[in-house]
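Trainee: Here you go, one structure.
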Number of protein chains: 2
Amino acid sequence: MNVGFIGFGEVASTLSSGLLSNGVNVSTCLEGRSKRTIYMAKKSGVNILDDFVELARTSDILISAVTPSTAVAVAKKLGKYSKGIYVDINNVSPSTVNEALLLVENKRTVDAAIIGSVEKNGCDVQIIACGDAAKDFSILNNHGLNIKLMGAEIGHCSQIKIMRSSYTKGVSAILWETISGAYEMGIDEEVLKIIAETEGPQFEKLAHSRLISSFLHSKRRYEEMGELKKLLSDNKMLNDIIMVSATENRFKDICMKNKKIQKENDEYGQYDSYKDIFYALKNIK
Amino acid sequence: MNVGFIGFGEVASTLSSGLLSNGVNVSTCLEGRSKRTIYMAKKSGVNILDDFVELARTSDILISAVTPSTAVAVAKKLGKYSKGIYVDINNVSPSTVNEALLLVENKRTVDAAIIGSVEKNGCDVQIIACGDAAKDFSILNNHGLNIKLMGAEIGHCSQIKIMRSSYTKGVSAILWETISGAYEMGIDEEVLKIIAETEGPQFEKLAHSRLISSFLHSKRRYEEMGELKKLLSDNKMLNDIIMVSATENRFKDICMKNKKIQKENDEYGQYDSYKDIFYALKNIK
């Protein structure tokens, strides 16, 4: 069995490690990818192919795990070469996933979504999947993945996932603004502790990791909010949004701040504490 | 020992029941109060005095538990008559609580804040308190309350509490927008379930009660966001807020919707499910 990943970020690298250790042959292609992606792919031990067309032609299951803004472009480029099942696992709106999957000529398509943190759960993270080929995709449950079937209608998993993101990414944006404000006033630790008194003992640790990942993945989250707005627009609900737009704007702002700090340092993961980020941001003001 | 409550909403009625069952003499005054307050006070069994000046003069501990917008006005009216300790337990900014407590002539003042839900915790709910008279206020720990001392500086408890509200009320606003959107699309139950998979088993129940209380208490939450903005303005941080303004606007919007539905029905607590609220809102659109 050959599984191919288009894009090799956190999701692909985590799922790959599960598949590799369960005897699956995993490949990707690094043509035009970022330094970080190249580093992660080489470290993982997957096969590295010379071009994407070869990847599409040789994969029994081809998984698109890119950024929301490139999901359609990737399907346009590779959909006609996919010989097996094509799985879109990106956090995009139902209309985007439909647009992407209609470009897959053999029609063996799956709309899939990751529910929860791959960082925390590894390849046990829940994947929900729908579409005619979802059952065939779920064969990977015999090889270390945790796929739950959700019916035949393409778009349903994306819709559920993007509405979940409306909540979880909104909460991260709220947390960012609250704790960065409290940090400025020198009471961030007290505020985290007092929130933990009602939100539970895991809150402080979770908040710490949410703050750091909000900073590192701000661009993707900003794009996800764009996909959420597309879903709401398709349902004629754009006239009643306030928090969604604010979350989008907050991540756009974090993204710009990120660029100012990260531009001379392409290495990710150098932040042990959210305090390092707020300290760095204070110094560029 | 005489404890007097100015204002008799959820906080006062909950704390009263604990104090009454621990042998404390509790009083309030209903001059100019709403139908709901009158109903709650009469049900609770506290003494009902004819006027607020008498309440201030006869209380060993006088607790201001009103809405954020009236905290100062109440202190202005009654601060000169307070013969015992005056406790401001309102969710207001440090500058507002300072303004209010400076109006208490005998200077025996406490800045206090409720941490968590009185509905869930009853009179065991944590109260943080600071100010010179905070230690004297904490004598009520012998009579059923749960007061934690936080130092002498007036404003510190309010600052911690209002920053906590930045998070908790923001989360409620995000939840409202997410689930009302999902309800419109007919997937609210699925979305709540999928969020619960990562947020824990208590999430669904908590979300349910947060949605209903966001609707019922939208005016107070809107005012709290105004107090938060005052704190951020005092710290020259208004130029970097996005989520705070959005939360304020969301609660302002819910407040207006609330008025449209509730105007012919002054009884609170008639909603068993958030679905009843969204259904009613759909029908006034």
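Every chain in the structure tokens takes a letter, A first, then B, and so on in the order presented; its residues are numbered from 1, and the ligands are numbered from 1 following the presented order.
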If DSSP is run on the backbone, what residues of region 18-82 of chain B are alpha helix (DSSP H)? A reply as a ChimeraX atom specification would be ideal.
Mentor: /B:18-20,35-44,52-58,71-78
Trainee: Check every residue of chain A for an atom within 9 Å of chain B, counting only C-alpha atoms, and provide those that qualify as JSON, numbers by chain.
Mentor: {"A": [115, 116, 117, 159, 160, 161, 163, 164, 165, 166, 167, 168, 170, 171, 173, 174, 175, 177, 178, 179, 181, 182, 184, 185, 187, 190, 191, 192, 194, 195, 197, 198, 232, 235, 237, 240, 241, 242, 243, 244, 245, 246, 247, 249, 250]}
Trainee: Which residues come within 12 Å of Lys76 (chain A), counting only C-alpha atoms, excluding same-chain residues fewer than 2 positions away, as a list in words?
Mentor: Val53, Ser64, Thr70, Ala71, Val72, Ala73, Val74, Leu78, Gly79, Lys80, Tyr81, Ser82, Val97, Glu99, Ala100, Leu101, Leu102, Leu103, Val104 and Glu105 of chain A
Trainee: List the neighbours of region 16-29 of chain A out to 7 Å using only C-alpha atoms; skip same-chain residues closer than 5 positions along the sequence, and give me the result as a PDB file with C-alpha atoms, in the first residue's frame.
Mentor:
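Output contents, as saved in result-v6.pdb:
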```
ATOM      1  CA  MET A   1       0.000   0.000   0.000  1.00  0.00           C
ATOM      2  CA  ASN A   2       1.322   3.411  -1.040  1.00  0.00           C
ATOM      3  CA  VAL A   3       0.161   6.573   0.731  1.00  0.00           C
ATOM      4  CA  GLY A   4       1.267   9.949  -0.675  1.00  0.00           C
ATOM      5  CA  PHE A   5       1.148  13.285   1.101  1.00  0.00           C
ATOM      6  CA  ILE A   6       0.847  16.581  -0.747  1.00  0.00           C
ATOM      7  CA  SER A  44      10.428  11.464   9.155  1.00  0.00           C
ATOM      8  CA  VAL A  46       9.298   8.914   4.167  1.00  0.00           C
ATOM      9  CA  ASN A  47      10.237   8.384   0.491  1.00  0.00           C
ATOM     10  CA  ILE A  48      10.951  11.624  -1.276  1.00  0.00           C
ATOM     11  CA  LEU A  49       9.871  11.679  -4.915  1.00  0.00           C
ATOM     12  CA  ASP A  50      11.131  14.052  -7.584  1.00  0.00           C
ATOM     13  CA  ASP A  51       7.821  15.460  -8.717  1.00  0.00           C
ATOM     14  CA  PHE A  52       4.203  15.689  -7.639  1.00  0.00           C
ATOM     15  CA  LEU A  55       3.459  11.097  -6.389  1.00  0.00           C
ATOM     16  CA  CYS A 123      -1.706   9.370  14.819  1.00  0.00           C
ATOM     17  CA  HIS A 143      -2.508   0.687   9.771  1.00  0.00           C
ATOM     18  CA  GLY A 144      -2.545   2.963  12.783  1.00  0.00           C
TER      19      GLY A 144
END
```
Trainee: Step one, run DSSP on the backbone; step two, keep only residues of region 46-118 of chain A assigned to strand (DSSP E or B); then write them as a PyMOL selection string.
Mentor: chain A and resi 47-49+61-64+85-88+109-115
